[in-house]
$ cat upload_39.csv   # CSV, C-alpha atoms
chain,number,residue,atom,x,y,z
A,1,MET,CA,0.0,0.0,0.0
A,2,LEU,CA,1.0,3.6,-0.7
A,3,GLN,CA,1.7,6.4,1.7
A,4,PRO,CA,1.0,10.1,1.2
A,5,GLY,CA,3.9,11.7,-0.6
A,6,ASP,CA,4.8,8.6,-2.6
A,7,LYS,CA,5.8,8.9,-6.2
A,8,VAL,CA,3.6,7.1,-8.8
A,9,ALA,CA,4.6,6.5,-12.4
A,10,ILE,CA,2.2,7.7,-15.1
A,11,VAL,CA,2.5,5.6,-18.3
A,12,SER,CA,0.8,5.1,-21.6
A,13,PRO,CA,1.3,1.4,-22.4
A,14,SER,CA,-1.6,1.4,-24.8
A,15,ARG,CA,-2.0,4.9,-26.4
A,16,GLY,CA,-0.5,8.3,-25.6
A,17,LEU,CA,-3.8,10.2,-25.8
A,18,PRO,CA,-2.6,12.9,-23.4
A,19,GLU,CA,-0.9,14.3,-26.5
A,20,ILE,CA,-4.2,15.2,-28.2
A,21,PHE,CA,-6.4,15.5,-25.0
A,22,PRO,CA,-4.3,17.3,-22.5
A,23,GLY,CA,-7.3,18.6,-20.6
A,24,PRO,CA,-8.6,15.5,-18.8
A,25,TYR,CA,-5.0,14.3,-18.4
A,26,GLU,CA,-3.8,17.4,-16.6
A,27,LEU,CA,-7.0,17.4,-14.5
A,28,GLY,CA,-6.2,13.8,-13.4
A,29,LEU,CA,-2.6,14.7,-12.6
A,30,ARG,CA,-3.8,17.6,-10.5
A,31,ARG,CA,-6.2,15.4,-8.5
A,32,LEU,CA,-3.4,12.9,-7.9
A,33,ARG,CA,-1.3,15.7,-6.5
A,34,ASP,CA,-3.8,17.8,-4.6
A,35,ASP,CA,-6.5,15.3,-3.5
A,36,PHE,CA,-4.5,12.1,-3.1
A,37,ASP,CA,-1.2,13.6,-2.0
A,38,LEU,CA,0.8,11.6,-4.5
A,39,ILE,CA,3.6,12.7,-6.8
A,40,PRO,CA,3.0,11.8,-10.5
A,41,VAL,CA,6.1,11.0,-12.5
A,42,GLU,CA,5.8,11.1,-16.4
A,43,TYR,CA,7.9,9.0,-18.8
A,44,PRO,CA,9.1,9.7,-22.4
A,45,THR,CA,6.1,8.1,-24.1
A,46,THR,CA,3.4,9.2,-21.6
A,47,ARG,CA,2.3,12.1,-23.9
A,48,VAL,CA,3.4,10.5,-27.2
A,49,LEU,CA,0.6,9.2,-29.5
A,50,GLY,CA,2.7,7.2,-31.9
A,51,ALA,CA,5.2,5.6,-29.6
A,52,THR,CA,6.4,2.2,-30.7
A,53,PRO,CA,5.8,-1.0,-28.6
A,54,GLU,CA,9.5,-1.1,-27.8
A,55,GLU,CA,9.5,2.5,-26.5
A,56,ARG,CA,6.4,1.8,-24.3
A,57,ALA,CA,8.0,-1.3,-22.9
A,58,ALA,CA,11.1,0.7,-22.0
A,59,ASP,CA,8.9,3.1,-20.0
A,60,LEU,CA,7.4,0.2,-18.1
A,61,HIS,CA,10.9,-1.2,-17.4
A,62,ALA,CA,12.1,2.2,-16.2
A,63,ALA,CA,9.1,2.6,-13.9
A,64,TRP,CA,9.5,-0.8,-12.3
A,65,SER,CA,13.3,-0.3,-12.0
A,66,ASP,CA,13.1,3.0,-10.1
A,67,PRO,CA,12.9,2.2,-6.3
A,68,SER,CA,11.3,5.6,-5.6
A,69,ILE,CA,8.2,4.7,-7.7
A,70,ARG,CA,5.7,2.9,-5.5
A,71,ALA,CA,2.8,2.4,-8.0
A,72,VAL,CA,2.2,2.6,-11.7
A,73,ILE,CA,-1.0,4.1,-13.2
A,74,ALA,CA,-2.0,4.0,-16.9
A,75,THR,CA,-3.2,7.2,-18.5
A,76,ILE,CA,-5.9,5.3,-20.5
A,77,GLY,CA,-6.4,2.2,-22.7
A,78,GLY,CA,-6.1,1.7,-26.4
A,79,GLU,CA,-6.0,-1.3,-28.8
A,80,ASP,CA,-2.5,-2.6,-29.4
A,81,GLN,CA,-0.9,-3.2,-26.0
A,82,ILE,CA,-0.7,-6.9,-26.9
A,83,THR,CA,2.2,-5.9,-29.1
A,84,VAL,CA,4.1,-4.6,-26.1
A,85,LEU,CA,4.1,-7.8,-24.1
A,86,LYS,CA,6.8,-9.6,-26.0
A,87,HIS,CA,9.2,-6.8,-25.2
A,88,LEU,CA,8.8,-7.1,-21.4
A,89,ASP,CA,11.4,-8.7,-19.2
A,90,PRO,CA,9.6,-10.5,-16.3
A,91,ALA,CA,12.7,-10.2,-14.1
A,92,VAL,CA,12.4,-6.4,-14.1
A,93,PHE,CA,8.9,-6.6,-12.7
A,94,GLN,CA,9.7,-9.3,-10.2
A,95,ALA,CA,12.7,-7.4,-8.8
A,96,ASP,CA,10.6,-4.7,-7.2
A,97,PRO,CA,6.8,-5.6,-7.1
A,98,LYS,CA,4.6,-2.5,-7.1
A,99,PRO,CA,0.9,-2.2,-7.9
A,100,PHE,CA,-0.4,-1.3,-11.4
A,101,PHE,CA,-3.7,0.4,-12.0
A,102,GLY,CA,-5.5,0.2,-15.4
A,103,TYR,CA,-8.3,-1.4,-17.4
A,104,SER,CA,-9.6,-1.9,-20.9
A,105,ASP,CA,-6.6,-2.6,-23.2
A,106,ASN,CA,-4.5,-2.7,-20.0
A,107,THR,CA,-6.1,-6.1,-19.4
A,108,ASN,CA,-3.0,-7.3,-21.3
A,109,LEU,CA,-0.6,-5.9,-18.6
A,110,LEU,CA,-2.8,-6.9,-15.8
A,111,ASN,CA,-2.8,-10.5,-17.0
A,112,PHE,CA,1.0,-10.4,-17.6
A,113,LEU,CA,1.6,-9.3,-14.0
A,114,TYR,CA,-0.9,-11.9,-12.7
A,115,SER,CA,1.1,-14.6,-14.5
A,116,LEU,CA,4.1,-13.4,-12.4
A,117,GLY,CA,2.2,-13.3,-9.2
A,118,LEU,CA,2.5,-9.5,-8.9
A,119,PRO,CA,-0.1,-7.0,-7.6
A,120,ALA,CA,-2.4,-5.2,-9.9
A,121,PHE,CA,-5.8,-3.5,-9.9
A,122,HIS,CA,-8.5,-3.4,-12.6
A,123,GLY,CA,-9.6,0.2,-12.9
A,124,GLY,CA,-8.4,3.7,-12.2
A,125,SER,CA,-7.0,5.5,-15.3
A,126,VAL,CA,-5.7,9.0,-15.1
A,127,MET,CA,-7.7,10.5,-17.9
A,128,VAL,CA,-11.1,8.8,-17.2
A,129,GLN,CA,-11.5,8.1,-13.4
A,130,PHE,CA,-9.1,10.7,-12.0
A,131,GLY,CA,-9.8,13.2,-14.8
A,132,ARG,CA,-13.6,13.0,-14.7
A,133,GLY,CA,-15.2,16.3,-15.4
A,134,GLY,CA,-16.3,18.4,-12.4
A,135,ALA,CA,-15.4,15.9,-9.7
A,136,MET,CA,-14.6,12.3,-9.3
A,137,HIS,CA,-17.6,10.0,-8.8
A,138,PRO,CA,-17.8,9.3,-5.1
A,139,ASP,CA,-18.0,5.6,-5.6
A,140,THR,CA,-14.9,5.6,-7.7
A,141,GLU,CA,-13.0,7.8,-5.3
A,142,ARG,CA,-13.9,5.7,-2.3
A,143,SER,CA,-12.8,2.6,-4.0
A,144,LEU,CA,-9.5,4.1,-5.4
A,145,ARG,CA,-8.6,5.4,-2.0
A,146,ALA,CA,-9.1,2.1,-0.4
A,147,ALA,CA,-7.1,0.3,-3.1
A,148,LEU,CA,-4.2,2.8,-2.9
A,149,PHE,CA,-4.0,3.3,0.9
A,150,THR,CA,-6.1,0.9,2.9
A,151,PRO,CA,-5.4,-2.9,3.0
A,152,GLY,CA,-8.2,-5.2,3.9
A,153,GLU,CA,-11.7,-5.9,2.9
A,154,PHE,CA,-13.8,-3.6,0.8
A,155,GLU,CA,-17.5,-4.0,0.0
A,156,LEU,CA,-18.6,-3.2,-3.5
A,157,THR,CA,-22.0,-1.5,-3.7
A,158,PRO,CA,-24.5,-0.9,-6.5
A,159,ALA,CA,-24.3,2.7,-7.7
A,160,GLU,CA,-27.1,5.1,-6.9
A,161,GLY,CA,-26.3,7.0,-10.0
A,162,TRP,CA,-24.4,6.0,-13.1
A,163,THR,CA,-23.8,6.9,-16.7
A,164,ASP,CA,-22.3,5.6,-19.9
A,165,HIS,CA,-22.6,8.9,-21.7
A,166,ASP,CA,-19.0,10.3,-22.2
A,167,HIS,CA,-18.3,14.0,-22.0
A,168,ASP,CA,-16.7,15.2,-25.2
A,169,TRP,CA,-13.0,16.0,-24.4
A,170,ASN,CA,-13.0,18.4,-27.4
A,171,ILE,CA,-15.2,20.8,-25.4
A,172,PRO,CA,-13.1,22.4,-22.6
A,173,ALA,CA,-16.2,23.3,-20.5
A,174,ASN,CA,-16.9,19.6,-20.0
A,175,LEU,CA,-13.9,19.4,-17.7
A,176,GLU,CA,-15.7,21.8,-15.3
A,177,THR,CA,-19.1,20.0,-15.0
A,178,GLU,CA,-20.0,16.5,-13.9
A,179,PRO,CA,-21.9,14.3,-16.3
A,180,PRO,CA,-25.6,13.8,-15.6
A,181,LEU,CA,-26.4,10.5,-14.0
A,182,PHE,CA,-29.1,7.9,-14.5
A,183,PRO,CA,-30.8,6.3,-11.5
A,184,GLY,CA,-29.2,3.2,-10.1
A,185,THR,CA,-30.4,-0.2,-11.4
A,186,GLY,CA,-29.0,-2.5,-8.8
A,187,TRP,CA,-27.5,-5.9,-9.5
A,188,THR,CA,-29.1,-9.0,-10.9
A,189,TRP,CA,-28.3,-12.3,-9.0
A,190,GLN,CA,-28.4,-15.9,-10.0
A,191,GLY,CA,-27.5,-18.8,-7.8
A,192,SER,CA,-27.6,-19.4,-4.0
A,193,GLN,CA,-24.3,-20.7,-2.8
A,194,PRO,CA,-21.6,-18.3,-1.4
A,195,VAL,CA,-18.4,-18.4,-3.3
A,196,SER,CA,-14.9,-17.2,-2.3
A,197,GLY,CA,-11.8,-17.2,-4.6
A,198,ARG,CA,-9.3,-15.2,-6.5
A,199,LEU,CA,-10.4,-12.7,-9.1
A,200,TRP,CA,-9.4,-13.0,-12.7
A,201,GLY,CA,-10.7,-11.5,-16.0
A,202,GLY,CA,-11.0,-8.0,-17.4
A,203,CYS,CA,-12.2,-6.7,-20.7
A,204,LEU,CA,-13.8,-9.5,-22.7
A,205,GLU,CA,-12.5,-8.4,-26.1
A,206,ILE,CA,-8.9,-8.1,-24.9
A,207,LEU,CA,-9.0,-11.6,-23.3
A,208,ASP,CA,-10.3,-12.9,-26.7
A,209,TRP,CA,-7.3,-11.3,-28.5
A,210,GLN,CA,-4.9,-12.9,-26.0
A,211,LEU,CA,-6.5,-16.3,-26.7
A,212,SER,CA,-6.1,-15.6,-30.5
A,213,VAL,CA,-2.3,-15.1,-30.2
A,214,ASN,CA,-1.9,-17.9,-27.6
A,215,ARG,CA,-1.0,-15.5,-24.8
A,216,TRP,CA,-3.6,-17.0,-22.4
A,217,MET,CA,-1.9,-16.6,-19.1
A,218,LEU,CA,-4.5,-18.3,-16.8
A,219,PRO,CA,-2.8,-21.0,-14.8
A,220,THR,CA,-3.3,-24.5,-16.2
A,221,ASP,CA,-3.8,-26.2,-12.8
A,222,SER,CA,-7.1,-26.5,-11.0
A,223,TYR,CA,-8.7,-23.1,-10.3
A,224,ASP,CA,-11.6,-22.2,-8.0
A,225,GLY,CA,-12.1,-18.5,-8.4
A,226,VAL,CA,-14.3,-15.6,-9.4
A,227,LEU,CA,-14.4,-14.5,-13.0
A,228,PHE,CA,-15.1,-10.9,-13.8
A,229,LEU,CA,-15.8,-9.6,-17.3
A,230,GLU,CA,-16.9,-6.4,-19.0
A,231,THR,CA,-17.2,-5.0,-22.5
A,232,SER,CA,-15.8,-1.9,-24.1
A,233,GLU,CA,-17.0,1.2,-25.8
A,234,GLU,CA,-16.8,-0.7,-29.1
A,235,MET,CA,-20.1,-2.3,-28.0
A,236,PRO,CA,-19.7,-5.9,-29.3
A,237,SER,CA,-23.0,-7.4,-30.4
A,238,SER,CA,-24.7,-10.0,-28.2
A,239,GLU,CA,-23.9,-12.7,-30.7
A,240,THR,CA,-20.2,-11.7,-30.6
A,241,VAL,CA,-20.3,-11.8,-26.8
A,242,TYR,CA,-21.9,-15.3,-26.9
A,243,ARG,CA,-19.3,-16.6,-29.4
A,244,ILE,CA,-16.4,-15.3,-27.4
A,245,LEU,CA,-17.8,-17.0,-24.3
A,246,ARG,CA,-18.5,-20.1,-26.3
A,247,ASN,CA,-14.8,-20.2,-27.3
A,248,PHE,CA,-13.9,-19.8,-23.6
A,249,GLY,CA,-16.2,-22.6,-22.8
A,250,GLU,CA,-14.7,-24.9,-25.4
A,251,ARG,CA,-11.3,-24.1,-24.0
A,252,GLY,CA,-12.5,-25.4,-20.6
A,253,LEU,CA,-12.3,-22.0,-19.0
A,254,LEU,CA,-15.9,-21.2,-18.0
A,255,GLU,CA,-16.3,-24.4,-16.0
A,256,ARG,CA,-13.4,-23.4,-13.8
A,257,PHE,CA,-15.0,-20.5,-12.1
A,258,ASP,CA,-17.6,-20.8,-9.4
A,259,ALA,CA,-18.9,-17.2,-9.7
A,260,VAL,CA,-19.1,-14.6,-12.4
A,261,LEU,CA,-19.2,-10.8,-12.0
A,262,TRP,CA,-20.4,-9.1,-15.2
A,263,GLY,CA,-19.9,-5.4,-15.6
A,264,ARG,CA,-22.6,-3.0,-16.7
A,265,PRO,CA,-22.4,-2.9,-20.5
A,266,LYS,CA,-21.6,0.4,-22.1
A,267,SER,CA,-24.4,1.0,-24.6
A,268,TRP,CA,-23.7,4.6,-25.7
A,269,SER,CA,-20.6,6.2,-27.0
A,270,ILE,CA,-19.4,9.4,-28.7
A,271,GLU,CA,-19.4,7.5,-32.0
A,272,ASN,CA,-22.7,5.7,-31.4
A,273,HIS,CA,-25.5,7.8,-29.8
A,274,SER,CA,-28.0,5.1,-29.0
A,275,THR,CA,-31.5,6.0,-28.1
A,276,PRO,CA,-32.7,4.9,-24.6
A,277,GLU,CA,-34.7,2.1,-26.2
A,278,GLU,CA,-31.7,0.9,-28.1
A,279,SER,CA,-29.5,1.0,-25.0
A,280,VAL,CA,-32.0,-1.1,-23.1
A,281,ALA,CA,-32.2,-3.6,-25.9
A,282,TYR,CA,-28.4,-3.8,-26.2
A,283,VAL,CA,-27.9,-4.4,-22.5
A,284,THR,CA,-30.7,-7.0,-22.4
A,285,GLY,CA,-29.3,-8.8,-25.4
A,286,GLN,CA,-25.8,-9.0,-23.8
A,287,TYR,CA,-27.2,-10.3,-20.5
A,288,LEU,CA,-29.1,-13.0,-22.4
A,289,ALA,CA,-25.9,-14.0,-24.2
A,290,VAL,CA,-24.2,-14.4,-20.9
A,291,ASP,CA,-27.0,-16.5,-19.6
A,292,ARG,CA,-26.9,-18.7,-22.7
A,293,ALA,CA,-23.2,-19.3,-22.5
A,294,PHE,CA,-23.1,-20.2,-18.9
A,295,ALA,CA,-26.2,-22.4,-19.1
A,296,GLU,CA,-24.3,-24.4,-21.7
A,297,TYR,CA,-20.9,-24.5,-20.0
A,298,ASN,CA,-21.3,-23.9,-16.3
A,299,PRO,CA,-25.0,-23.8,-15.2
A,300,SER,CA,-24.2,-24.0,-11.5
A,301,ALA,CA,-22.1,-20.8,-11.5
A,302,VAL,CA,-23.3,-17.9,-9.4
A,303,ILE,CA,-23.8,-14.9,-11.7
A,304,VAL,CA,-24.1,-11.3,-10.7
A,305,LYS,CA,-24.7,-8.8,-13.6
A,306,GLY,CA,-24.7,-5.0,-13.7
A,307,LEU,CA,-21.6,-4.2,-11.6
A,308,ASP,CA,-19.8,-0.9,-12.1
A,309,ILE,CA,-16.4,-2.4,-12.8
A,310,GLY,CA,-15.5,-1.3,-16.3
A,311,HIS,CA,-16.2,1.3,-19.1
A,312,THR,CA,-19.2,3.0,-17.4
A,313,ASP,CA,-19.1,5.6,-14.6
A,314,PRO,CA,-18.5,5.0,-11.7
A,315,ALA,CA,-15.8,2.3,-11.8
A,316,GLN,CA,-15.1,0.4,-8.7
A,317,ILE,CA,-11.6,-1.1,-8.4
A,318,LEU,CA,-11.0,-4.9,-8.4
A,319,PRO,CA,-7.8,-6.5,-7.1
A,320,TYR,CA,-6.6,-8.6,-10.0
A,321,GLY,CA,-5.7,-11.9,-8.5
A,322,GLY,CA,-7.0,-10.8,-5.1
A,323,GLN,CA,-9.6,-12.4,-3.0
A,324,ALA,CA,-13.4,-11.9,-3.5
A,325,ARG,CA,-16.4,-13.2,-1.7
A,326,VAL,CA,-19.7,-13.4,-3.5
A,327,ASP,CA,-22.7,-13.9,-1.2
A,328,PRO,CA,-26.0,-14.4,-3.0
A,329,VAL,CA,-28.0,-14.9,0.1
A,330,ASN,CA,-27.2,-11.5,1.5
A,331,GLN,CA,-26.4,-10.0,-1.9
A,332,ARG,CA,-23.0,-8.8,-0.9
A,333,ILE,CA,-19.7,-8.7,-2.7
A,334,THR,CA,-16.5,-8.1,-0.8
A,335,VAL,CA,-13.0,-7.8,-2.2
A,336,THR,CA,-9.7,-7.7,-0.4
A,337,TYR,CA,-7.2,-4.9,-1.3
$ encode --input "upload_39.csv" --output "structure tokens"
Amino acid sequence: MLQPGDKVAIVSPSRGLPEIFPGPYELGLRRLRDDFDLIPVEYPTTRVLGATPEERAADLHAAWSDPSIRAVIATIGGEDQITVLKHLDPAVFQADPKPFFGYSDNTNLLNFLYSLGLPAFHGGSVMVQFGRGGAMHPDTERSLRAALFTPGEFELTPAEGWTDHDHDWNIPANLETEPPLFPGTGWTWQGSQPVSGRLWGGCLEILDWQLSVNRWMLPTDSYDGVLFLETSEEMPSSETVYRILRNFGERGLLERFDAVLWGRPKSWSIENHSTPEESVAYVTGQYLAVDRAFAEYNPSAVIVKGLDIGHTDPAQILPYGGQARVDPVNQRITVTY
């Protein structure tokens, strides 16, 4: 865990979007300094949009090699971090374990660190969660503070207000106002037996890409754990979600998890302004795809859908490889930071 005044590395292992969107990035840095009392340290490719995989890997090596850096936080995701992995030296990361925060395309790095038994957290990017317009969502901030500074159990809670409508970063005024929120929808529960185990998962599309290039880093021995999955702003169709899960099932993966936490699907984006009716239909279709896949490959799994653990706002932080307890009877989910 960190202490106030610690240095944290700010890196762009996926895409250097701070180069073209400095507003939310600078806002996120300011909150890290002023609200969290941390000292952000940038690296050569942090603000470079077209950095090569080798250059981005060098920044990661530098961050983990500096003993004064006590955590590493991604600026944002992207879509080609999978090309960075082959340039990483596991010994560099094992020499000085320190927590990494990121999600989306950073599922690649989360899984890489998991394969080495190193600490990581799903969620908490500089430009999105720390750089949210107006103020951080209180659920996100509470979760991030616990993950950064407070070891022990943390109870996830359904959001009272949420949104998947992104503020346009091309409009400077959006940095000064919070996005309007929809009323909370709660979680949907299936199953009755409490489950405890280690968390593993991330962004569904990224895990699918890892499988495609045979970089599937889930241990091959027996595994009783909790799977968590969420989908990105690219909004894969319900049939695509089902087919990815079917492939996981054919690989023998779905049957190995006793519980599944499914993130609230993002159903609106800057590029795709869905109507409210279209959004409801999209979310319903995705949930039906999840039910279909697990009915076929793991019908006894406890399934909780609608968690705020991904590309929607707020985003609660999950300890990647950390312990979770899923209690359907009392409808409670507890993780251990």
$ residues_near_point --input "upload_39.csv" --point "(1.6, -12.0, -25.3)" --cutoff "9 Å" --atoms "only C-alpha atoms" --output "ChimeraX atom specification"
/A:82-86,108,112,210,213-217
$ closest_residue --input "upload_39.csv" --among "A:Leu307, A:Val8, A:Ala259, A:Leu116" --to "Ile69 (chain A)" --atoms "only C-alpha atoms"
A:Val8
$ closest_residue --input "upload_39.csv" --among "A:Pro319, A:Asp139, A:Ala91, A:Phe36" --to "Ala120 (chain A)" --atoms "only C-alpha atoms"
A:Pro319
$ atom_distance --input "upload_39.csv" --atom1 "CA of Asp37 (chain A)" --atom2 "CA of Phe149 (chain A)"
11.1 Å
$ closest_atom_pairs --input "upload_39.csv" --of "region 147-191 of chain A" --to "region 321-334 of chain A" --cutoff "10 Å" --atoms "all atoms listed in the file" --output "JSON lines"
{"residue": "A:Gly152", "atom": "CA", "partner": "A:Thr334", "partner_atom": "CA", "distance": 10.0}
{"residue": "A:Glu153", "atom": "CA", "partner": "A:Thr334", "partner_atom": "CA", "distance": 6.4}
{"residue": "A:Phe154", "atom": "CA", "partner": "A:Thr334", "partner_atom": "CA", "distance": 5.5}
{"residue": "A:Glu155", "atom": "CA", "partner": "A:Thr334", "partner_atom": "CA", "distance": 4.3}
{"residue": "A:Leu156", "atom": "CA", "partner": "A:Ile333", "partner_atom": "CA", "distance": 5.7}
{"residue": "A:Thr157", "atom": "CA", "partner": "A:Ile333", "partner_atom": "CA", "distance": 7.6}
{"residue": "A:Pro158", "atom": "CA", "partner": "A:Arg332", "partner_atom": "CA", "distance": 9.8}
{"residue": "A:Trp187", "atom": "CA", "partner": "A:Gln331", "partner_atom": "CA", "distance": 8.7}
{"residue": "A:Thr188", "atom": "CA", "partner": "A:Gln331", "partner_atom": "CA", "distance": 9.4}
{"residue": "A:Trp189", "atom": "CA", "partner": "A:Pro328", "partner_atom": "CA", "distance": 6.8}
{"residue": "A:Gln190", "atom": "CA", "partner": "A:Pro328", "partner_atom": "CA", "distance": 7.6}
{"residue": "A:Gly191", "atom": "CA", "partner": "A:Pro328", "partner_atom": "CA", "distance": 6.7}
$ residues_near_point --input "upload_39.csv" --point "(-17.1, -9.1, -12.9)" --cutoff "12 Å" --atoms "only C-alpha atoms" --output "CSV table (one decimal) with C-alpha atoms, in the coordinates of the input"
chain,number,residue,atom,x,y,z
A,122,HIS,CA,-8.5,-3.4,-12.6
A,123,GLY,CA,-9.6,0.2,-12.9
A,156,LEU,CA,-18.6,-3.2,-3.5
A,187,TRP,CA,-27.5,-5.9,-9.5
A,198,ARG,CA,-9.3,-15.2,-6.5
A,199,LEU,CA,-10.4,-12.7,-9.1
A,200,TRP,CA,-9.4,-13.0,-12.7
A,201,GLY,CA,-10.7,-11.5,-16.0
A,202,GLY,CA,-11.0,-8.0,-17.4
A,203,CYS,CA,-12.2,-6.7,-20.7
A,204,LEU,CA,-13.8,-9.5,-22.7
A,225,GLY,CA,-12.1,-18.5,-8.4
A,226,VAL,CA,-14.3,-15.6,-9.4
A,227,LEU,CA,-14.4,-14.5,-13.0
A,228,PHE,CA,-15.1,-10.9,-13.8
A,229,LEU,CA,-15.8,-9.6,-17.3
A,230,GLU,CA,-16.9,-6.4,-19.0
A,231,THR,CA,-17.2,-5.0,-22.5
A,257,PHE,CA,-15.0,-20.5,-12.1
A,259,ALA,CA,-18.9,-17.2,-9.7
A,260,VAL,CA,-19.1,-14.6,-12.4
A,261,LEU,CA,-19.2,-10.8,-12.0
A,262,TRP,CA,-20.4,-9.1,-15.2
A,263,GLY,CA,-19.9,-5.4,-15.6
A,264,ARG,CA,-22.6,-3.0,-16.7
A,265,PRO,CA,-22.4,-2.9,-20.5
A,290,VAL,CA,-24.2,-14.4,-20.9
A,302,VAL,CA,-23.3,-17.9,-9.4
A,303,ILE,CA,-23.8,-14.9,-11.7
A,304,VAL,CA,-24.1,-11.3,-10.7
A,305,LYS,CA,-24.7,-8.8,-13.6
A,306,GLY,CA,-24.7,-5.0,-13.7
A,307,LEU,CA,-21.6,-4.2,-11.6
A,308,ASP,CA,-19.8,-0.9,-12.1
A,309,ILE,CA,-16.4,-2.4,-12.8
A,310,GLY,CA,-15.5,-1.3,-16.3
A,315,ALA,CA,-15.8,2.3,-11.8
A,316,GLN,CA,-15.1,0.4,-8.7
A,317,ILE,CA,-11.6,-1.1,-8.4
A,318,LEU,CA,-11.0,-4.9,-8.4
A,319,PRO,CA,-7.8,-6.5,-7.1
A,320,TYR,CA,-6.6,-8.6,-10.0
A,324,ALA,CA,-13.4,-11.9,-3.5
A,325,ARG,CA,-16.4,-13.2,-1.7
A,326,VAL,CA,-19.7,-13.4,-3.5
A,333,ILE,CA,-19.7,-8.7,-2.7
A,335,VAL,CA,-13.0,-7.8,-2.2
$ atom_distance --input "upload_39.csv" --atom1 "CA of Asp258 (chain A)" --atom2 "CA of Ala293 (chain A)"
14.3 Å
